[in-house]
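my_file-v9.pdb follows; it contains PDB, C-alpha atoms.
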MODEL        1
ATOM      1  CA  MET A   1     116.915  47.701   7.705  1.00  0.00           C
ATOM      2  CA  ASP A   2     114.975  49.393  10.525  1.00  0.00           C
ATOM      3  CA  ASN A   3     112.050  50.074   8.141  1.00  0.00           C
ATOM      4  CA  ILE A   4     111.661  46.419   7.084  1.00  0.00           C
ATOM      5  CA  VAL A   5     109.026  44.503   9.028  1.00  0.00           C
ATOM      6  CA  TYR A   6     109.250  40.709   9.183  1.00  0.00           C
ATOM      7  CA  LEU A   7     109.218  38.061  11.917  1.00  0.00           C
ATOM      8  CA  ILE A   8     112.053  35.673  12.737  1.00  0.00           C
ATOM      9  CA  HIS A   9     111.733  33.241  15.630  1.00  0.00           C
ATOM     10  CA  GLU A  10     114.476  33.736  18.208  1.00  0.00           C
ATOM     11  CA  SER A  11     115.730  30.158  17.738  1.00  0.00           C
ATOM     12  CA  SER A  12     116.474  30.761  14.048  1.00  0.00           C
ATOM     13  CA  TYR A  13     119.760  32.007  12.645  1.00  0.00           C
ATOM     14  CA  VAL A  14     120.106  34.453   9.761  1.00  0.00           C
ATOM     15  CA  ASP A  15     123.570  34.986   8.258  1.00  0.00           C
ATOM     16  CA  ASP A  16     124.831  38.363   7.064  1.00  0.00           C
ATOM     17  CA  ASN A  17     123.970  39.456   3.518  1.00  0.00           C
ATOM     18  CA  VAL A  18     120.407  38.075   3.496  1.00  0.00           C
ATOM     19  CA  GLU A  19     117.359  39.890   2.109  1.00  0.00           C
ATOM     20  CA  ILE A  20     113.973  39.224   3.713  1.00  0.00           C
ATOM     21  CA  GLY A  21     110.837  40.897   2.377  1.00  0.00           C
ATOM     22  CA  GLU A  22     108.235  42.736   4.395  1.00  0.00           C
ATOM     23  CA  GLY A  23     105.551  40.559   5.978  1.00  0.00           C
ATOM     24  CA  THR A  24     107.611  37.359   5.822  1.00  0.00           C
ATOM     25  CA  GLU A  25     107.539  34.993   8.817  1.00  0.00           C
ATOM     26  CA  ILE A  26     110.353  32.576   9.647  1.00  0.00           C
ATOM     27  CA  GLY A  27     109.593  29.809  12.159  1.00  0.00           C
ATOM     28  CA  ARG A  28     111.672  27.957  14.749  1.00  0.00           C
ATOM     29  CA  PHE A  29     115.089  26.386  14.206  1.00  0.00           C
ATOM     30  CA  CYS A  30     115.651  27.761  10.694  1.00  0.00           C
ATOM     31  CA  HIS A  31     118.943  28.766   9.082  1.00  0.00           C
ATOM     32  CA  ILE A  32     118.979  31.366   6.331  1.00  0.00           C
ATOM     33  CA  GLN A  33     122.422  31.436   4.704  1.00  0.00           C
ATOM     34  CA  SER A  34     124.379  34.288   3.155  1.00  0.00           C
ATOM     35  CA  GLY A  35     123.140  35.592  -0.180  1.00  0.00           C
ATOM     36  CA  ALA A  36     119.621  34.170   0.206  1.00  0.00           C
ATOM     37  CA  VAL A  37     116.751  36.379  -0.934  1.00  0.00           C
ATOM     38  CA  ILE A  38     113.242  35.807   0.409  1.00  0.00           C
ATOM     39  CA  GLY A  39     110.367  37.846  -1.000  1.00  0.00           C
ATOM     40  CA  LYS A  40     107.459  39.599   0.682  1.00  0.00           C
ATOM     41  CA  ASN A  41     104.708  37.868   2.651  1.00  0.00           C
ATOM     42  CA  CYS A  42     106.332  34.436   2.651  1.00  0.00           C
ATOM     43  CA  PHE A  43     105.878  31.791   5.327  1.00  0.00           C
ATOM     44  CA  VAL A  44     108.851  29.624   6.301  1.00  0.00           C
ATOM     45  CA  GLY A  45     107.962  26.786   8.699  1.00  0.00           C
ATOM     46  CA  GLU A  46     110.091  25.113  11.369  1.00  0.00           C
ATOM     47  CA  ASN A  47     113.489  23.518  10.778  1.00  0.00           C
ATOM     48  CA  VAL A  48     113.969  24.975   7.285  1.00  0.00           C
ATOM     49  CA  ASN A  49     117.388  25.528   5.740  1.00  0.00           C
ATOM     50  CA  ILE A  50     117.657  28.100   2.967  1.00  0.00           C
ATOM     51  CA  SER A  51     121.153  27.789   1.520  1.00  0.00           C
ATOM     52  CA  ASN A  52     123.476  30.355   0.043  1.00  0.00           C
ATOM     53  CA  ASN A  53     122.114  32.384  -2.876  1.00  0.00           C
ATOM     54  CA  VAL A  54     118.694  30.697  -3.027  1.00  0.00           C
ATOM     55  CA  ARG A  55     116.053  33.020  -4.491  1.00  0.00           C
ATOM     56  CA  ILE A  56     112.452  32.917  -3.237  1.00  0.00           C
ATOM     57  CA  GLY A  57     109.708  35.106  -4.705  1.00  0.00           C
ATOM     58  CA  ASP A  58     106.768  36.743  -2.949  1.00  0.00           C
ATOM     59  CA  ARG A  59     103.975  34.869  -1.132  1.00  0.00           C
ATOM     60  CA  CYS A  60     105.748  31.504  -1.074  1.00  0.00           C
ATOM     61  CA  ILE A  61     105.002  28.881   1.568  1.00  0.00           C
ATOM     62  CA  ILE A  62     107.826  26.609   2.709  1.00  0.00           C
ATOM     63  CA  GLN A  63     106.498  24.015   5.157  1.00  0.00           C
ATOM     64  CA  ASN A  64     108.484  22.328   7.972  1.00  0.00           C
ATOM     65  CA  ASN A  65     111.701  20.346   7.437  1.00  0.00           C
ATOM     66  CA  VAL A  66     112.499  21.569   3.912  1.00  0.00           C
ATOM     67  CA  SER A  67     116.040  22.302   2.751  1.00  0.00           C
ATOM     68  CA  LEU A  68     116.406  24.594  -0.242  1.00  0.00           C
ATOM     69  CA  TYR A  69     119.898  24.201  -1.709  1.00  0.00           C
ATOM     70  CA  GLU A  70     122.008  26.590  -3.737  1.00  0.00           C
ATOM     71  CA  GLY A  71     120.993  26.717  -7.386  1.00  0.00           C
ATOM     72  CA  LEU A  72     117.272  26.759  -6.576  1.00  0.00           C
ATOM     73  CA  VAL A  73     114.919  29.567  -7.613  1.00  0.00           C
ATOM     74  CA  LEU A  74     111.285  29.735  -6.518  1.00  0.00           C
ATOM     75  CA  GLU A  75     109.186  32.301  -8.334  1.00  0.00           C
ATOM     76  CA  SER A  76     106.218  33.893  -6.529  1.00  0.00           C
ATOM     77  CA  ASP A  77     103.325  31.905  -5.014  1.00  0.00           C
ATOM     78  CA  VAL A  78     105.239  28.591  -4.850  1.00  0.00           C
ATOM     79  CA  PHE A  79     104.245  25.979  -2.236  1.00  0.00           C
ATOM     80  CA  CYS A  80     106.743  23.444  -0.828  1.00  0.00           C
ATOM     81  CA  GLY A  81     105.133  20.756   1.321  1.00  0.00           C
ATOM     82  CA  THR A  82     106.541  19.300   4.521  1.00  0.00           C
ATOM     83  CA  SER A  83     109.878  17.505   4.115  1.00  0.00           C
ATOM     84  CA  ALA A  84     110.097  18.108   0.365  1.00  0.00           C
ATOM     85  CA  VAL A  85     113.614  17.394  -0.899  1.00  0.00           C
ATOM     86  CA  PHE A  86     115.600  19.440  -3.423  1.00  0.00           C
ATOM     87  CA  THR A  87     119.009  18.470  -4.817  1.00  0.00           C
ATOM     88  CA  ASN A  88     121.721  20.451  -6.617  1.00  0.00           C
ATOM     89  CA  ASP A  89     124.260  17.801  -7.697  1.00  0.00           C
ATOM     90  CA  LEU A  90     123.487  14.749  -9.849  1.00  0.00           C
ATOM     91  CA  THR A  91     126.709  12.895  -8.954  1.00  0.00           C
ATOM     92  CA  PRO A  92     127.802  13.979  -5.461  1.00  0.00           C
ATOM     93  CA  ARG A  93     131.022  12.741  -3.904  1.00  0.00           C
ATOM     94  CA  ALA A  94     132.275  13.788  -0.473  1.00  0.00           C
ATOM     95  CA  GLU A  95     135.895  13.289  -1.541  1.00  0.00           C
ATOM     96  CA  HIS A  96     135.484  15.161  -4.838  1.00  0.00           C
ATOM     97  CA  PRO A  97     133.140  18.121  -4.319  1.00  0.00           C
ATOM     98  CA  LYS A  98     132.409  20.027  -7.525  1.00  0.00           C
ATOM     99  CA  GLY A  99     131.898  23.470  -6.008  1.00  0.00           C
ATOM    100  CA  ARG A 100     128.978  25.865  -6.321  1.00  0.00           C
ATOM    101  CA  GLU A 101     129.816  26.845  -9.913  1.00  0.00           C
ATOM    102  CA  ASN A 102     128.875  23.303 -10.949  1.00  0.00           C
ATOM    103  CA  TYR A 103     125.570  23.020  -9.082  1.00  0.00           C
ATOM    104  CA  LYS A 104     122.624  22.306 -11.366  1.00  0.00           C
ATOM    105  CA  LYS A 105     119.967  25.015 -11.497  1.00  0.00           C
ATOM    106  CA  THR A 106     116.366  24.200 -10.629  1.00  0.00           C
ATOM    107  CA  LEU A 107     113.431  26.539 -11.246  1.00  0.00           C
ATOM    108  CA  LEU A 108     109.917  26.399  -9.825  1.00  0.00           C
ATOM    109  CA  LYS A 109     107.750  28.776 -11.823  1.00  0.00           C
ATOM    110  CA  LYS A 110     104.955  30.959 -10.455  1.00  0.00           C
ATOM    111  CA  GLY A 111     102.296  29.066  -8.532  1.00  0.00           C
ATOM    112  CA  ALA A 112     103.963  25.633  -8.675  1.00  0.00           C
ATOM    113  CA  SER A 113     103.210  23.244  -5.791  1.00  0.00           C
ATOM    114  CA  VAL A 114     105.377  20.421  -4.467  1.00  0.00           C
ATOM    115  CA  GLY A 115     103.692  17.914  -2.149  1.00  0.00           C
ATOM    116  CA  ALA A 116     105.034  16.603   1.152  1.00  0.00           C
ATOM    117  CA  ASN A 117     108.016  14.229   0.929  1.00  0.00           C
ATOM    118  CA  ALA A 118     108.399  14.768  -2.829  1.00  0.00           C
ATOM    119  CA  THR A 119     111.937  14.797  -4.245  1.00  0.00           C
ATOM    120  CA  ILE A 120     112.908  17.266  -6.954  1.00  0.00           C
ATOM    121  CA  VAL A 121     116.065  16.210  -8.792  1.00  0.00           C
ATOM    122  CA  CYS A 122     118.156  19.193  -9.840  1.00  0.00           C
ATOM    123  CA  GLY A 123     118.461  20.684 -13.300  1.00  0.00           C
ATOM    124  CA  ILE A 124     114.745  20.827 -14.119  1.00  0.00           C
ATOM    125  CA  THR A 125     111.933  23.353 -14.382  1.00  0.00           C
ATOM    126  CA  ILE A 126     108.508  22.897 -12.843  1.00  0.00           C
ATOM    127  CA  GLY A 127     106.060  24.985 -14.863  1.00  0.00           C
ATOM    128  CA  GLU A 128     103.588  27.621 -13.729  1.00  0.00           C
ATOM    129  CA  TRP A 129     100.732  26.275 -11.598  1.00  0.00           C
ATOM    130  CA  ALA A 130     101.985  22.684 -11.987  1.00  0.00           C
ATOM    131  CA  MET A 131     101.398  20.283  -9.113  1.00  0.00           C
ATOM    132  CA  VAL A 132     103.703  17.536  -7.844  1.00  0.00           C
ATOM    133  CA  GLU A 133     101.808  14.987  -5.748  1.00  0.00           C
ATOM    134  CA  VAL A 134     102.959  13.764  -2.322  1.00  0.00           C
ATOM    135  CA  ALA A 135     106.061  11.512  -2.282  1.00  0.00           C
ATOM    136  CA  SER A 136     106.700  11.792  -6.033  1.00  0.00           C
ATOM    137  CA  VAL A 137     110.226  11.862  -7.480  1.00  0.00           C
ATOM    138  CA  VAL A 138     110.549  14.425 -10.271  1.00  0.00           C
ATOM    139  CA  VAL A 139     113.420  13.779 -12.689  1.00  0.00           C
ATOM    140  CA  ASN A 140     112.202  15.716 -15.775  1.00  0.00           C
ATOM    141  CA  ASP A 141     110.703  19.115 -16.544  1.00  0.00           C
ATOM    142  CA  VAL A 142     107.033  19.480 -15.656  1.00  0.00           C
ATOM    143  CA  PRO A 143     104.825  21.489 -18.067  1.00  0.00           C
ATOM    144  CA  PRO A 144     102.641  24.370 -16.824  1.00  0.00           C
ATOM    145  CA  HIS A 145      99.422  23.177 -15.126  1.00  0.00           C
ATOM    146  CA  ALA A 146     100.546  19.518 -15.262  1.00  0.00           C
ATOM    147  CA  LEU A 147      99.680  17.104 -12.453  1.00  0.00           C
ATOM    148  CA  VAL A 148     102.503  14.604 -11.853  1.00  0.00           C
ATOM    149  CA  VAL A 149     102.669  11.620  -9.513  1.00  0.00           C
ATOM    150  CA  GLY A 150     104.830   8.581  -8.789  1.00  0.00           C
ATOM    151  CA  VAL A 151     108.403   7.327  -8.871  1.00  0.00           C
ATOM    152  CA  PRO A 152     109.573   8.552 -11.274  1.00  0.00           C
ATOM    153  CA  ALA A 153     106.857  11.186 -11.588  1.00  0.00           C
ATOM    154  CA  ARG A 154     104.650  10.974 -14.654  1.00  0.00           C
ATOM    155  CA  GLN A 155     101.863  13.238 -15.795  1.00  0.00           C
ATOM    156  CA  ILE A 156      98.348  11.989 -15.016  1.00  0.00           C
ATOM    157  CA  GLY A 157      96.367  15.120 -15.816  1.00  0.00           C
ATOM    158  CA  TRP A 158      96.103  18.864 -15.655  1.00  0.00           C
ATOM    159  CA  VAL A 159      95.286  21.237 -12.792  1.00  0.00           C
ATOM    160  CA  CYS A 160      93.593  24.604 -12.594  1.00  0.00           C
ATOM    161  CA  LYS A 161      95.262  27.660 -11.131  1.00  0.00           C
ATOM    162  CA  CYS A 162      93.061  27.051  -8.068  1.00  0.00           C
ATOM    163  CA  GLY A 163      94.594  23.554  -7.633  1.00  0.00           C
ATOM    164  CA  ARG A 164      91.689  21.355  -8.720  1.00  0.00           C
ATOM    165  CA  LYS A 165      92.151  18.616 -11.315  1.00  0.00           C
ATOM    166  CA  LEU A 166      90.662  19.587 -14.664  1.00  0.00           C
ATOM    167  CA  VAL A 167      87.929  17.465 -16.215  1.00  0.00           C
ATOM    168  CA  ASN A 168      87.765  17.883 -19.996  1.00  0.00           C
ATOM    169  CA  GLY A 169      89.613  21.188 -19.667  1.00  0.00           C
ATOM    170  CA  LYS A 170      87.189  22.589 -17.089  1.00  0.00           C
ATOM    171  CA  CYS A 171      87.531  23.291 -13.379  1.00  0.00           C
ATOM    172  CA  GLU A 172      84.501  22.209 -11.389  1.00  0.00           C
ATOM    173  CA  GLU A 173      85.549  24.454  -8.468  1.00  0.00           C
ATOM    174  CA  CYS A 174      86.154  27.910  -9.978  1.00  0.00           C
ATOM    175  CA  ARG A 175      84.609  27.243 -13.430  1.00  0.00           C
ATOM    176  CA  LYS A 176      87.693  28.292 -15.435  1.00  0.00           C
ATOM    177  CA  GLU A 177      88.129  26.604 -18.797  1.00  0.00           C
ATOM    178  CA  TYR A 178      91.442  25.710 -20.444  1.00  0.00           C
ATOM    179  CA  MET A 179      92.436  24.735 -23.969  1.00  0.00           C
ATOM    180  CA  LEU A 180      95.097  22.154 -24.731  1.00  0.00           C
ATOM    181  CA  GLU A 181      97.463  23.442 -27.408  1.00  0.00           C
ATOM    182  CA  ASP A 182     100.674  21.639 -28.436  1.00  0.00           C
ATOM    183  CA  ASN A 183     100.166  19.307 -25.451  1.00  0.00           C
ATOM    184  CA  GLN A 184     100.264  22.279 -23.067  1.00  0.00           C
TER     185      GLN A 184
ENDMDL
END
Do you think you could lay out the structure here as structure tokens?
Amino acid sequence: MDNIVYLIHESSYVDDNVEIGEGTEIGRFCHIQSGAVIGKNCFVGENVNISNNVRIGDRCIIQNNVSLYEGLVLESDVFCGTSAVFTNDLTPRAEHPKGRENYKKTLLKKGASVGANATIVCGITIGEWAMVEVASVVVNDVPPHALVVGVPARQIGWVCKCGRKLVNGKCEECRKEYMLEDNQ
């Protein structure tokens, strides 16, 4: 571990059996729990909880006040906005906990973005380069490059890899063009 270079604020706590990639920065008052894996060159803001066995790819940004619960996988280049909420149990009961083997799996594919205060209900996949707008509640899978908004979230368009909304399949920012095939 002496060869690995990353930054962890002194107020944060990292359990045993955690992997943190080179170049990753972990801010104040965070807790990284046993079995978590965080990739290279990630940024983890203040007051973030990364639960047991969560997997985070390279170059992810996790803003302040986000809790990532067991069963969650973030591929590389994923953005989680401030106070985004992730769940792992559709029917929680304090008196009748189901145990980790029954947590629902949630996957955020490469480049997906989740806006501030959005809620991601467990058991879904958010596709590559998809974007979830601020304060949306996502209860179904989100296709690649889809732009979703609202409660419950519904698709209102498509976004470019650069994050701009597409107009007739074209990005006015980076000039990429996309084709719609089978509604994807």
Got a sec: who's within 10 Å of Val148 of chain A, counting all atoms listed in the file, leaving out chain neighbours fewer than 3 positions off, as a list in words?
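Those residues are Val114, Ala130, Met131, Val132, Glu133, Val134, Ser136, Val137, Val138, Val142, Pro143, His145, Val151, Pro152, Ala153, Arg154, Gln155, Ile156, Gly157, Trp158 and Val159 of chain A.
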What residues have an atom no more than 9 Å from (113.8, 27.1, 9.8) in the file's own frame, counting all atoms listed in the file, and can you write them as a PDB file with C-alpha atoms, in the coordinates of the input?
ATOM      1  CA  HIS A   9     111.733  33.241  15.630  1.00  0.00           C
ATOM      2  CA  SER A  11     115.730  30.158  17.738  1.00  0.00           C
ATOM      3  CA  SER A  12     116.474  30.761  14.048  1.00  0.00           C
ATOM      4  CA  TYR A  13     119.760  32.007  12.645  1.00  0.00           C
ATOM      5  CA  ILE A  26     110.353  32.576   9.647  1.00  0.00           C
ATOM      6  CA  GLY A  27     109.593  29.809  12.159  1.00  0.00           C
ATOM      7  CA  ARG A  28     111.672  27.957  14.749  1.00  0.00           C
ATOM      8  CA  PHE A  29     115.089  26.386  14.206  1.00  0.00           C
ATOM      9  CA  CYS A  30     115.651  27.761  10.694  1.00  0.00           C
ATOM     10  CA  HIS A  31     118.943  28.766   9.082  1.00  0.00           C
ATOM     11  CA  ILE A  32     118.979  31.366   6.331  1.00  0.00           C
ATOM     12  CA  VAL A  44     108.851  29.624   6.301  1.00  0.00           C
ATOM     13  CA  GLY A  45     107.962  26.786   8.699  1.00  0.00           C
ATOM     14  CA  GLU A  46     110.091  25.113  11.369  1.00  0.00           C
ATOM     15  CA  ASN A  47     113.489  23.518  10.778  1.00  0.00           C
ATOM     16  CA  VAL A  48     113.969  24.975   7.285  1.00  0.00           C
ATOM     17  CA  ASN A  49     117.388  25.528   5.740  1.00  0.00           C
ATOM     18  CA  ILE A  50     117.657  28.100   2.967  1.00  0.00           C
ATOM     19  CA  ASN A  64     108.484  22.328   7.972  1.00  0.00           C
ATOM     20  CA  ASN A  65     111.701  20.346   7.437  1.00  0.00           C
ATOM     21  CA  VAL A  66     112.499  21.569   3.912  1.00  0.00           C
ATOM     22  CA  SER A  67     116.040  22.302   2.751  1.00  0.00           C
TER      23      SER A  67
END
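With all atoms listed in the file taken into account, every residue lying no more than 10 Å from the file point (129.6, 27.4, -6.8) is included here: Asn52, Asn53, Glu70, Gly71, Lys98, Gly99, Arg100, Glu101, Asn102, Tyr103 and Lys104 of chain A.
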Would you save the residues from that selection as a CSV table (one decimal), in the frame of the given file, using C-alpha atoms?
chain,number,residue,atom,x,y,z
A,52,ASN,CA,123.5,30.4,0.0
A,53,ASN,CA,122.1,32.4,-2.9
A,70,GLU,CA,122.0,26.6,-3.7
A,71,GLY,CA,121.0,26.7,-7.4
A,98,LYS,CA,132.4,20.0,-7.5
A,99,GLY,CA,131.9,23.5,-6.0
A,100,ARG,CA,129.0,25.9,-6.3
A,101,GLU,CA,129.8,26.8,-9.9
A,102,ASN,CA,128.9,23.3,-10.9
A,103,TYR,CA,125.6,23.0,-9.1
A,104,LYS,CA,122.6,22.3,-11.4
Of A:Leu147, A:Val18, A:Ala84, A:Ile62, the one nearest to Val121 of chain A when counting all atoms listed in the file is A:Ala84
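Relative to atom CA of Pro92 of chain A, atom CA of Gln63 of chain A is found at 25.8 Å.
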What would the selection look like, as JSON, numbers by chain, if the PyMOL selection byres ((chain A and resi 125) around 7) were run on the coordinates I just shared?
{"A": [106, 107, 108, 124, 126, 127, 141, 142]}
Mind pulling up the distance from atom CA of Phe86 of chain A to atom CA of Ala36 of chain A?
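Between atom CA of Ala36 of chain A and atom CA of Phe86 of chain A the gap works out to 15.7 Å.
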Write out as a tab-separated table the residues of segment 15-104 of chain A that have any atom within 12 Å of an atom of segment 161-174 of chain A, one row each with the nearest atom pair and its distance in Å to one decimal, counting only C-alpha atoms, sorted by chain and then rising number.
residue	atom	partner	partner_atom	distance
A:Asp77	CA	A:Lys161	CA	11.0
A:Val78	CA	A:Lys161	CA	11.8
A:Phe79	CA	A:Gly163	CA	11.3
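The spacing separating atom CA of Cys80 of chain A from atom CA of Glu19 of chain A amounts to 19.8 Å.
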Taking into account all atoms listed in the file, which residue in the set A:Glu128, A:Glu22, A:Glu10, A:Asp89 is nearest to Gln184 of chain A?
A:Glu128
Pick the closest to Cys60 of chain A from A:Gly123, A:Pro144, A:Pro97, A:Gly111: which is it, counting all atoms listed in the file?
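With all atoms listed in the file as the atom set, the closest residue is A:Gly111.
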Exactly which residues make up the result of the PyMOL selection byres ((chain A and resi 73) around 6) on this file, given as a list in words?
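For this structure, the PyMOL selection byres ((chain A and resi 73) around 6) captures Arg55, Leu72, Leu74 and Leu107 of chain A.
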Starting from the PyMOL selection byres ((chain A and resi 43) around 6), expand the selection into actual residues of this file and give them as a list in words.
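Selected by the PyMOL selection byres ((chain A and resi 43) around 6) in this file: Thr24, Glu25, Cys42, Val44 and Ile61 of chain A.
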Per-axis box centre and lengths in Å around segment 169-176 of chain A, 8 Å margin per side, axis-aligned, as JSON:
{"center_x": 87.1, "center_y": 24.7, "center_z": -14.1, "size_x": 21.1, "size_y": 23.1, "size_z": 27.2}
Closest of A:Val37, A:Thr82, A:Cys160, A:Thr119 to Asn17 of chain A, counting only C-alpha atoms, is A:Val37
Saved segment 56-65 of chain A from the preceding structure, all heavy atoms, as a PDB file, in the first residue's frame:
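Output file decode.pdb follows:
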ATOM      1  N   ILE A  56     -16.901   1.433  -7.485  1.00  0.00           N
ATOM      2  CA  ILE A  56     -16.849   2.717  -8.182  1.00  0.00           C
ATOM      3  C   ILE A  56     -15.696   2.668  -9.174  1.00  0.00           C
ATOM      4  O   ILE A  56     -14.561   2.363  -8.797  1.00  0.00           O
ATOM      5  CB  ILE A  56     -16.646   3.875  -7.183  1.00  0.00           C
ATOM      6  CG1 ILE A  56     -17.814   3.923  -6.189  1.00  0.00           C
ATOM      7  CG2 ILE A  56     -16.484   5.201  -7.914  1.00  0.00           C
ATOM      8  CD1 ILE A  56     -17.617   4.903  -5.058  1.00  0.00           C
ATOM      9  N   GLY A  57     -15.983   2.976 -10.438  1.00  0.00           N
ATOM     10  CA  GLY A  57     -14.968   2.957 -11.480  1.00  0.00           C
ATOM     11  C   GLY A  57     -14.048   4.164 -11.417  1.00  0.00           C
ATOM     12  O   GLY A  57     -14.071   4.951 -10.467  1.00  0.00           O
ATOM     13  N   ASP A  58     -13.240   4.330 -12.434  1.00  0.00           N
ATOM     14  CA  ASP A  58     -12.271   5.421 -12.514  1.00  0.00           C
ATOM     15  C   ASP A  58     -12.953   6.743 -12.866  1.00  0.00           C
ATOM     16  O   ASP A  58     -13.984   6.768 -13.546  1.00  0.00           O
ATOM     17  CB  ASP A  58     -11.224   5.114 -13.587  1.00  0.00           C
ATOM     18  CG  ASP A  58     -10.391   3.890 -13.274  1.00  0.00           C
ATOM     19  OD1 ASP A  58     -10.238   3.541 -12.081  1.00  0.00           O
ATOM     20  OD2 ASP A  58      -9.882   3.265 -14.230  1.00  0.00           O
ATOM     21  N   ARG A  59     -12.347   7.841 -12.414  1.00  0.00           N
ATOM     22  CA  ARG A  59     -12.738   9.206 -12.775  1.00  0.00           C
ATOM     23  C   ARG A  59     -14.165   9.562 -12.416  1.00  0.00           C
ATOM     24  O   ARG A  59     -14.801  10.391 -13.071  1.00  0.00           O
ATOM     25  CB  ARG A  59     -12.478   9.477 -14.267  1.00  0.00           C
ATOM     26  CG  ARG A  59     -11.029   9.348 -14.682  1.00  0.00           C
ATOM     27  CD  ARG A  59     -10.843   9.412 -16.183  1.00  0.00           C
ATOM     28  NE  ARG A  59     -11.660   8.433 -16.895  1.00  0.00           N
ATOM     29  CZ  ARG A  59     -11.371   7.150 -17.036  1.00  0.00           C
ATOM     30  NH1 ARG A  59     -10.265   6.661 -16.514  1.00  0.00           N
ATOM     31  NH2 ARG A  59     -12.186   6.338 -17.715  1.00  0.00           N
ATOM     32  N   CYS A  60     -14.711   8.971 -11.376  1.00  0.00           N
ATOM     33  CA  CYS A  60     -16.062   9.308 -10.930  1.00  0.00           C
ATOM     34  C   CYS A  60     -16.013  10.515  -9.997  1.00  0.00           C
ATOM     35  O   CYS A  60     -15.024  10.736  -9.308  1.00  0.00           O
ATOM     36  CB  CYS A  60     -16.705   8.127 -10.201  1.00  0.00           C
ATOM     37  SG  CYS A  60     -17.081   6.748 -11.290  1.00  0.00           S
ATOM     38  N   ILE A  61     -17.099  11.275  -9.988  1.00  0.00           N
ATOM     39  CA  ILE A  61     -17.244  12.407  -9.081  1.00  0.00           C
ATOM     40  C   ILE A  61     -18.476  12.163  -8.227  1.00  0.00           C
ATOM     41  O   ILE A  61     -19.580  12.001  -8.751  1.00  0.00           O
ATOM     42  CB  ILE A  61     -17.369  13.738  -9.842  1.00  0.00           C
ATOM     43  CG1 ILE A  61     -16.085  14.014 -10.627  1.00  0.00           C
ATOM     44  CG2 ILE A  61     -17.696  14.882  -8.878  1.00  0.00           C
ATOM     45  CD1 ILE A  61     -16.144  15.242 -11.519  1.00  0.00           C
ATOM     46  N   ILE A  62     -18.268  12.131  -6.913  1.00  0.00           N
ATOM     47  CA  ILE A  62     -19.343  11.954  -5.947  1.00  0.00           C
ATOM     48  C   ILE A  62     -19.381  13.241  -5.128  1.00  0.00           C
ATOM     49  O   ILE A  62     -18.492  13.495  -4.320  1.00  0.00           O
ATOM     50  CB  ILE A  62     -19.087  10.748  -5.001  1.00  0.00           C
ATOM     51  CG1 ILE A  62     -18.609   9.508  -5.752  1.00  0.00           C
ATOM     52  CG2 ILE A  62     -20.314  10.489  -4.138  1.00  0.00           C
ATOM     53  CD1 ILE A  62     -19.550   8.952  -6.755  1.00  0.00           C
ATOM     54  N   GLN A  63     -20.394  14.064  -5.332  1.00  0.00           N
ATOM     55  CA  GLN A  63     -20.471  15.345  -4.637  1.00  0.00           C
ATOM     56  C   GLN A  63     -20.868  15.158  -3.165  1.00  0.00           C
ATOM     57  O   GLN A  63     -21.114  14.035  -2.721  1.00  0.00           O
ATOM     58  CB  GLN A  63     -21.465  16.267  -5.348  1.00  0.00           C
ATOM     59  CG  GLN A  63     -21.028  16.654  -6.739  1.00  0.00           C
ATOM     60  CD  GLN A  63     -19.882  17.653  -6.768  1.00  0.00           C
ATOM     61  OE1 GLN A  63     -19.010  17.701  -5.904  1.00  0.00           O
ATOM     62  NE2 GLN A  63     -19.875  18.488  -7.787  1.00  0.00           N
ATOM     63  N   ASN A  64     -20.965  16.251  -2.422  1.00  0.00           N
ATOM     64  CA  ASN A  64     -21.230  16.224  -0.982  1.00  0.00           C
ATOM     65  C   ASN A  64     -22.562  15.548  -0.637  1.00  0.00           C
ATOM     66  O   ASN A  64     -23.518  15.620  -1.388  1.00  0.00           O
ATOM     67  CB  ASN A  64     -21.270  17.653  -0.425  1.00  0.00           C
ATOM     68  CG  ASN A  64     -19.960  18.373  -0.598  1.00  0.00           C
ATOM     69  OD1 ASN A  64     -18.929  17.793  -0.901  1.00  0.00           O
ATOM     70  ND2 ASN A  64     -20.000  19.682  -0.417  1.00  0.00           N
ATOM     71  N   ASN A  65     -22.582  14.939   0.551  1.00  0.00           N
ATOM     72  CA  ASN A  65     -23.804  14.407   1.172  1.00  0.00           C
ATOM     73  C   ASN A  65     -24.473  13.277   0.391  1.00  0.00           C
ATOM     74  O   ASN A  65     -25.692  13.143   0.412  1.00  0.00           O
ATOM     75  CB  ASN A  65     -24.825  15.521   1.422  1.00  0.00           C
ATOM     76  CG  ASN A  65     -24.232  16.639   2.234  1.00  0.00           C
ATOM     77  OD1 ASN A  65     -23.612  16.406   3.264  1.00  0.00           O
ATOM     78  ND2 ASN A  65     -24.381  17.859   1.760  1.00  0.00           N
TER      79      ASN A  65
END
